[in-house]
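Novice: mmCIF, C-alpha atoms, pLDDT in the B column; chains and numbers go by the auth columns, saved as coords-v4.cif, coming up:
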```
data_start
#
loop_
_atom_site.group_PDB
_atom_site.id
_atom_site.type_symbol
_atom_site.label_atom_id
_atom_site.label_comp_id
_atom_site.label_asym_id
_atom_site.label_seq_id
_atom_site.Cartn_x
_atom_site.Cartn_y
_atom_site.Cartn_z
_atom_site.B_iso_or_equiv
_atom_site.auth_seq_id
_atom_site.auth_asym_id
ATOM 1 C CA ARG A 1 -12.147 -11.826 20.033 52.00 380 Y
ATOM 2 C CA ARG A 2 -15.288 -9.850 20.864 53.00 381 Y
ATOM 3 C CA GLN A 3 -13.617 -8.250 23.894 55.00 382 Y
ATOM 4 C CA ARG A 4 -10.583 -7.306 21.762 55.00 383 Y
ATOM 5 C CA GLN A 5 -12.783 -5.691 19.113 52.00 384 Y
ATOM 6 C CA MET A 6 -14.749 -3.758 21.752 52.00 385 Y
ATOM 7 C CA CYS A 7 -11.464 -2.490 23.218 57.00 386 Y
ATOM 8 C CA ILE A 8 -10.300 -1.401 19.756 55.00 387 Y
ATOM 9 C CA ARG A 9 -13.669 0.262 19.109 54.00 388 Y
ATOM 10 C CA ASP A 10 -13.417 2.175 22.413 59.00 389 Y
ATOM 11 C CA ARG A 11 -9.893 3.394 21.534 58.00 390 Y
ATOM 12 C CA VAL A 12 -11.108 4.492 18.124 58.00 391 Y
ATOM 13 C CA GLU A 13 -14.060 6.369 19.576 59.00 392 Y
ATOM 14 C CA ASN A 14 -11.953 8.425 21.986 57.00 393 Y
ATOM 15 C CA GLY A 15 -9.879 9.839 19.089 64.00 394 Y
ATOM 16 C CA ALA A 16 -6.574 9.754 21.020 69.00 395 Y
ATOM 17 C CA LEU A 17 -5.014 7.601 18.296 73.00 396 Y
ATOM 18 C CA LYS A 18 -4.884 10.532 15.847 77.00 397 Y
ATOM 19 C CA ALA A 19 -1.601 11.570 17.468 78.00 398 Y
ATOM 20 C CA GLN A 20 -0.073 8.284 16.228 82.00 399 Y
ATOM 21 C CA PHE A 21 -0.929 8.869 12.567 91.00 400 Y
ATOM 22 C CA ALA A 22 1.863 8.434 10.018 95.00 401 Y
ATOM 23 C CA SER A 23 2.134 7.664 6.319 96.00 402 Y
ATOM 24 C CA VAL A 24 0.819 4.140 5.651 97.00 403 Y
ATOM 25 C CA ASP A 25 1.151 2.219 2.385 98.00 404 Y
ATOM 26 C CA LEU A 26 -2.465 1.092 2.077 97.00 405 Y
ATOM 27 C CA ALA A 27 -1.720 -0.973 -1.047 98.00 406 Y
ATOM 28 C CA ASP A 28 0.939 -2.980 0.777 98.00 407 Y
ATOM 29 C CA LEU A 29 -1.364 -3.412 3.772 98.00 408 Y
ATOM 30 C CA CYS A 30 -4.260 -4.621 1.569 98.00 409 Y
ATOM 31 C CA ARG A 31 -2.037 -7.010 -0.324 98.00 410 Y
ATOM 32 C CA THR A 32 -0.727 -8.456 2.970 98.00 411 Y
ATOM 33 C CA MET A 33 -4.219 -8.880 4.429 98.00 412 Y
ATOM 34 C CA VAL A 34 -5.452 -10.617 1.265 98.00 413 Y
ATOM 35 C CA GLU A 35 -2.468 -12.996 1.469 98.00 414 Y
ATOM 36 C CA VAL A 36 -3.304 -13.729 5.128 98.00 415 Y
ATOM 37 C CA TYR A 37 -6.921 -14.610 4.269 98.00 416 Y
ATOM 38 C CA GLU A 38 -6.258 -16.511 1.004 97.00 417 Y
ATOM 39 C CA PRO A 39 -5.943 -19.911 2.776 97.00 418 Y
ATOM 40 C CA THR A 40 -9.316 -19.371 4.489 96.00 419 Y
ATOM 41 C CA ALA A 41 -10.888 -18.451 1.156 97.00 420 Y
ATOM 42 C CA ALA A 42 -9.363 -21.497 -0.538 97.00 421 Y
ATOM 43 C CA ALA A 43 -10.624 -23.796 2.235 96.00 422 Y
ATOM 44 C CA ARG A 44 -14.124 -22.389 1.678 95.00 423 Y
ATOM 45 C CA LYS A 45 -13.769 -22.730 -2.110 97.00 424 Y
ATOM 46 C CA GLN A 46 -13.877 -18.950 -2.501 97.00 425 Y
ATOM 47 C CA ARG A 47 -11.626 -16.724 -4.563 97.00 426 Y
ATOM 48 C CA LEU A 48 -9.960 -13.756 -2.868 98.00 427 Y
ATOM 49 C CA SER A 49 -7.942 -11.223 -4.845 98.00 428 Y
ATOM 50 C CA PHE A 50 -6.395 -7.762 -4.691 98.00 429 Y
ATOM 51 C CA ASP A 51 -6.409 -5.195 -7.480 98.00 430 Y
ATOM 52 C CA GLY A 52 -4.523 -1.981 -7.019 97.00 431 Y
ATOM 53 C CA PRO A 53 -1.352 0.003 -7.501 97.00 432 Y
ATOM 54 C CA ASP A 54 2.047 -1.040 -6.173 97.00 433 Y
ATOM 55 C CA SER A 55 1.845 1.714 -3.570 97.00 434 Y
ATOM 56 C CA LEU A 56 -0.815 4.097 -2.271 97.00 435 Y
ATOM 57 C CA GLN A 57 -0.062 6.268 0.762 96.00 436 Y
ATOM 58 C CA VAL A 58 -2.627 7.501 3.286 96.00 437 Y
ATOM 59 C CA ASP A 59 -2.204 9.257 6.611 95.00 438 Y
ATOM 60 C CA GLY A 60 -3.329 6.938 9.393 95.00 439 Y
ATOM 61 C CA GLU A 61 -2.696 4.374 12.080 94.00 440 Y
ATOM 62 C CA LYS A 62 -1.423 1.186 10.460 95.00 441 Y
ATOM 63 C CA ASN A 63 -2.773 -1.329 12.982 93.00 442 Y
ATOM 64 C CA LEU A 64 -6.280 0.144 12.895 93.00 443 Y
ATOM 65 C CA LEU A 65 -6.292 0.245 9.112 96.00 444 Y
ATOM 66 C CA GLY A 66 -5.158 -3.393 9.073 96.00 445 Y
ATOM 67 C CA GLN A 67 -7.953 -4.353 11.478 93.00 446 Y
ATOM 68 C CA MET A 68 -10.463 -2.488 9.316 95.00 447 Y
ATOM 69 C CA ILE A 69 -9.368 -4.382 6.196 97.00 448 Y
ATOM 70 C CA ALA A 70 -9.392 -7.675 8.139 96.00 449 Y
ATOM 71 C CA ASN A 71 -12.976 -7.032 9.290 93.00 450 Y
ATOM 72 C CA LEU A 72 -14.119 -6.287 5.740 95.00 451 Y
ATOM 73 C CA LEU A 73 -12.476 -9.441 4.389 96.00 452 Y
ATOM 74 C CA GLU A 74 -13.775 -11.606 7.245 93.00 453 Y
ATOM 75 C CA ASN A 75 -17.318 -10.333 6.684 90.00 454 Y
ATOM 76 C CA ALA A 76 -17.136 -11.060 2.970 93.00 455 Y
ATOM 77 C CA LEU A 77 -15.695 -14.530 3.547 95.00 456 Y
ATOM 78 C CA ARG A 78 -18.242 -15.359 6.248 90.00 457 Y
ATOM 79 C CA HIS A 79 -21.360 -14.082 4.496 88.00 458 Y
ATOM 80 C CA THR A 80 -20.777 -15.357 0.961 92.00 459 Y
ATOM 81 C CA GLY A 81 -21.052 -18.979 -0.011 89.00 460 Y
ATOM 82 C CA GLU A 82 -18.916 -21.544 -1.711 93.00 461 Y
ATOM 83 C CA GLY A 83 -17.657 -20.325 -5.069 93.00 462 Y
ATOM 84 C CA ALA A 84 -17.900 -16.658 -4.071 96.00 463 Y
ATOM 85 C CA GLU A 85 -15.485 -14.131 -5.504 97.00 464 Y
ATOM 86 C CA ILE A 86 -14.188 -11.378 -3.239 98.00 465 Y
ATOM 87 C CA CYS A 87 -11.957 -8.569 -4.450 98.00 466 Y
ATOM 88 C CA ALA A 88 -10.251 -5.893 -2.385 98.00 467 Y
ATOM 89 C CA SER A 89 -9.242 -2.987 -4.594 98.00 468 Y
ATOM 90 C CA LEU A 90 -7.612 0.409 -4.337 98.00 469 Y
ATOM 91 C CA GLN A 91 -7.851 3.265 -6.771 96.00 470 Y
ATOM 92 C CA TYR A 92 -7.999 7.029 -6.932 95.00 471 Y
ATOM 93 C CA GLN A 93 -11.358 8.624 -7.671 93.00 472 Y
ATOM 94 C CA TYR A 94 -11.499 12.387 -8.031 92.00 473 Y
ATOM 95 C CA GLY A 95 -8.025 12.603 -6.501 93.00 474 Y
ATOM 96 C CA LYS A 96 -9.003 10.636 -3.388 96.00 475 Y
ATOM 97 C CA PRO A 97 -7.872 7.113 -2.405 97.00 476 Y
ATOM 98 C CA VAL A 98 -10.753 4.619 -2.371 98.00 477 Y
ATOM 99 C CA LEU A 99 -10.611 1.166 -0.789 98.00 478 Y
ATOM 100 C CA SER A 100 -13.343 -1.224 -1.947 98.00 479 Y
ATOM 101 C CA VAL A 101 -14.204 -4.769 -0.936 97.00 480 Y
ATOM 102 C CA ARG A 102 -16.653 -6.305 -3.395 97.00 481 Y
ATOM 103 C CA ASP A 103 -18.239 -9.734 -3.342 96.00 482 Y
ATOM 104 C CA ASN A 104 -20.854 -11.598 -5.350 96.00 483 Y
ATOM 105 C CA GLY A 105 -22.724 -13.001 -2.340 91.00 484 Y
ATOM 106 C CA PRO A 106 -26.272 -12.256 -1.158 88.00 485 Y
ATOM 107 C CA GLY A 107 -25.548 -8.610 -0.226 80.00 486 Y
ATOM 108 C CA ILE A 108 -27.460 -6.652 2.407 77.00 487 Y
ATOM 109 C CA PRO A 109 -31.156 -5.817 2.007 72.00 488 Y
ATOM 110 C CA ALA A 110 -31.645 -2.092 1.316 69.00 489 Y
ATOM 111 C CA GLU A 111 -33.831 -1.672 4.406 69.00 490 Y
ATOM 112 C CA GLU A 112 -30.981 -2.891 6.654 68.00 491 Y
ATOM 113 C CA LEU A 113 -28.098 -0.858 5.190 63.00 492 Y
ATOM 114 C CA GLY A 114 -28.585 1.968 7.679 61.00 493 Y
ATOM 115 C CA ARG A 115 -28.294 -0.372 10.663 60.00 494 Y
ATOM 116 C CA VAL A 116 -25.338 -2.618 9.798 61.00 495 Y
ATOM 117 C CA THR A 117 -22.781 -0.276 11.388 57.00 496 Y
ATOM 118 C CA GLN A 118 -24.615 -0.192 14.729 54.00 497 Y
ATOM 119 C CA ARG A 119 -22.670 -1.887 17.487 52.00 498 Y
ATOM 120 C CA LEU A 120 -23.812 -5.525 17.992 45.00 499 Y
ATOM 121 C CA TYR A 121 -26.302 -5.387 15.070 49.00 500 Y
ATOM 122 C CA ARG A 122 -26.561 -8.568 12.979 48.00 501 Y
ATOM 123 C CA LEU A 123 -28.751 -9.373 10.009 49.00 502 Y
ATOM 124 C CA ASP A 124 -31.433 -11.961 10.775 45.00 503 Y
ATOM 125 C CA ARG A 125 -29.885 -14.413 8.313 44.00 504 Y
ATOM 126 C CA SER A 126 -26.516 -14.040 10.111 46.00 505 Y
ATOM 127 C CA ARG A 127 -27.768 -15.080 13.542 39.00 506 Y
ATOM 128 C CA ASN A 128 -26.526 -18.670 13.060 44.00 507 Y
ATOM 129 C CA THR A 129 -23.072 -17.753 11.722 47.00 508 Y
ATOM 130 C CA ALA A 130 -19.965 -16.944 13.749 46.00 509 Y
ATOM 131 C CA GLY A 131 -19.439 -13.309 14.618 44.00 510 Y
ATOM 132 C CA ASN A 132 -20.357 -10.768 17.220 42.00 511 Y
ATOM 133 C CA GLY A 133 -21.875 -7.826 15.356 43.00 512 Y
ATOM 134 C CA LEU A 134 -18.868 -5.547 15.863 49.00 513 Y
ATOM 135 C CA GLY A 135 -17.167 -5.887 12.463 66.00 514 Y
ATOM 136 C CA LEU A 136 -18.845 -3.111 10.485 83.00 515 Y
ATOM 137 C CA SER A 137 -19.225 -0.952 13.594 83.00 516 Y
ATOM 138 C CA LEU A 138 -15.449 -1.036 13.988 86.00 517 Y
ATOM 139 C CA VAL A 139 -14.949 -0.398 10.262 91.00 518 Y
ATOM 140 C CA GLU A 140 -17.142 2.688 10.504 91.00 519 Y
ATOM 141 C CA GLY A 141 -15.266 3.968 13.574 89.00 520 Y
ATOM 142 C CA VAL A 142 -11.852 3.510 11.963 93.00 521 Y
ATOM 143 C CA ALA A 143 -13.049 5.180 8.751 94.00 522 Y
ATOM 144 C CA ARG A 144 -14.452 8.143 10.694 92.00 523 Y
ATOM 145 C CA LEU A 145 -11.225 8.483 12.730 93.00 524 Y
ATOM 146 C CA HIS A 146 -9.302 8.698 9.434 95.00 525 Y
ATOM 147 C CA GLY A 147 -11.685 11.297 7.974 95.00 526 Y
ATOM 148 C CA ALA A 148 -12.899 8.722 5.442 97.00 527 Y
ATOM 149 C CA GLU A 149 -16.419 8.137 4.162 96.00 528 Y
ATOM 150 C CA LEU A 150 -17.900 4.635 4.405 94.00 529 Y
ATOM 151 C CA SER A 151 -20.597 3.602 1.959 92.00 530 Y
ATOM 152 C CA PHE A 152 -22.364 0.425 0.875 91.00 531 Y
ATOM 153 C CA GLU A 153 -23.435 -0.307 -2.685 89.00 532 Y
ATOM 154 C CA ASP A 154 -25.467 -3.077 -4.247 88.00 533 Y
ATOM 155 C CA ALA A 155 -22.976 -4.981 -6.423 89.00 534 Y
ATOM 156 C CA GLN A 156 -25.792 -6.874 -8.210 89.00 535 Y
ATOM 157 C CA PRO A 157 -25.161 -9.533 -7.010 91.00 536 Y
ATOM 158 C CA GLY A 158 -23.389 -8.963 -3.757 93.00 537 Y
ATOM 159 C CA LEU A 159 -22.115 -6.038 -1.785 92.00 538 Y
ATOM 160 C CA CYS A 160 -19.450 -3.412 -2.361 93.00 539 Y
ATOM 161 C CA VAL A 161 -18.137 -1.646 0.729 95.00 540 Y
ATOM 162 C CA ARG A 162 -16.302 1.573 -0.181 96.00 541 Y
ATOM 163 C CA ILE A 163 -14.091 3.708 2.005 98.00 542 Y
ATOM 164 C CA GLN A 164 -13.086 7.023 0.469 97.00 543 Y
ATOM 165 C CA PHE A 165 -10.140 8.640 2.216 97.00 544 Y
ATOM 166 C CA PRO A 166 -9.407 12.374 2.200 94.00 545 Y
ATOM 167 C CA SER A 167 -7.105 13.721 -0.519 84.00 546 Y
ATOM 168 C CA ALA A 168 -3.509 12.740 0.031 65.00 547 Y
#
```
Is it possible to give me this structure as structure tokens?

Specialist:
Amino acid sequence: RRQRQMCIRDRVENGALKAQFASVDLADLCRTMVEVYEPTAAARKQRLSFDGPDSLQVDGEKNLLGQMIANLLENALRHTGEGAEICASLQYQYGKPVLSVRDNGPGIPAEELGRVTQRLYRLDRSRNTAGNGLGLSLVEGVARLHGAELSFEDAQPGLCVRIQFPSA
């Protein structure tokens, strides 16, 4: 898995994938990814949901966007405990599509927010959990490739990861 993610990250960083961009229904993709991860959430006694419109189009590469959503959901599932609630949502803000993944877990300490997208970086408390430190690095690369802005917010409790895409 780590080798696959590094390969994806390298492809994202070289920018050649922009030529493969097409219209992608981000709402349909989010809904599908949430359905894929619902059994994992249920097994961990977590609640995973999607809130958004029936359709929301962005210009992009579907497989990379799917991997980005998968990484966000996997991180939320892995780093929140039993009983956690995780919601992927889509909405327009100021005419721009915004994808958010919010959870009510422990969040990320403010002093570490600037480092979590570095390749292979892991929070100290995550050292004993599965993962390779590439998840948010890949998310940031895919967002950048799509001209989107990645941000992290304190969800009090938890974390909200937001990706604001360019105007449609």

Novice: For the atom pair atom CA of Y:Leu408 and atom CA of Y:Asp438, what is the interatomic distance in Å to one decimal place?

Specialist: 13.0 Å

Novice: The PyMOL selection byres ((chain Y and resi 444) around 9) on the file shown: which residues, as a list in words?

Specialist: Val403, Leu405, Leu408, Gly439, Glu440, Lys441, Asn442, Leu443, Gly445, Gln446, Met447, Ile448, Ala449, Val518, Val521, Ala522 and His525 of chain Y

Novice: So which one's closest to Y:Met412, Y:Leu452, Y:Ala534, Y:Val437, Y:Leu396? Using only C-alpha atoms, please.

Specialist: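 Between Y:Leu452, Y:Ala534, Y:Val437, Y:Leu396, the residue approaching Y:Met412 most closely is Y:Leu452.
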
Novice: Could you check how far atom CA of Y:Glu461 sits from atom CA of Y:Leu517, in Å to one decimal?

Specialist: 26.1 Å

Novice: I'd like to see the residues matched by the PyMOL selection byres ((chain Y and resi 479) around 8) on this file, and ideally I'd get them as a list in words.

Specialist: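 When the PyMOL selection byres ((chain Y and resi 479) around 8) is applied, the selected residues are Cys466, Ala467, Ser468, Leu469, Val477, Leu478, Val480, Arg481, Cys539, Val540, Arg541 and Ile542 of chain Y.
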
Novice: Using only C-alpha atoms for the distances, tell me which of Y:Pro485, Y:Pro545, Y:Gly431, Y:Gly537 is nearest to Y:Arg410.

Specialist: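 Of all the options, Y:Gly431 lies closest to Y:Arg410.
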
Novice: Quick one: axis-aligned box around all listed atoms of stretch 409-420 of chain Y, 6 Å on every side, centre and edge lengths in Å to one decimal, written as JSON.

Specialist:
```
{"center_x": -5.8, "center_y": -12.3, "center_z": 2.4, "size_x": 22.2, "size_y": 27.3, "size_z": 17.5}
```

Novice: Record the distance separating atom CA of Y:Asp407 and atom CA of Y:Gly486, expressed in Å with one decimal.

Specialist: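 According to the coordinates, atom CA of Y:Asp407 and atom CA of Y:Gly486 are separated by 27.1 Å.
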
Novice: What would the list of residues within 7 Å of (-17.9, -15.3, -4.2) (file frame) look like as a PyMOL selection string, if all atoms listed in the file are what count?

Specialist: chain Y and resi 425-426+459-465+482-484

Novice: Between Y:Ser402, Y:Ser428, Y:Gln535, Y:Ser546, single out the one closest to Y:Pro488, counting only C-alpha atoms.

Specialist: Y:Gln535
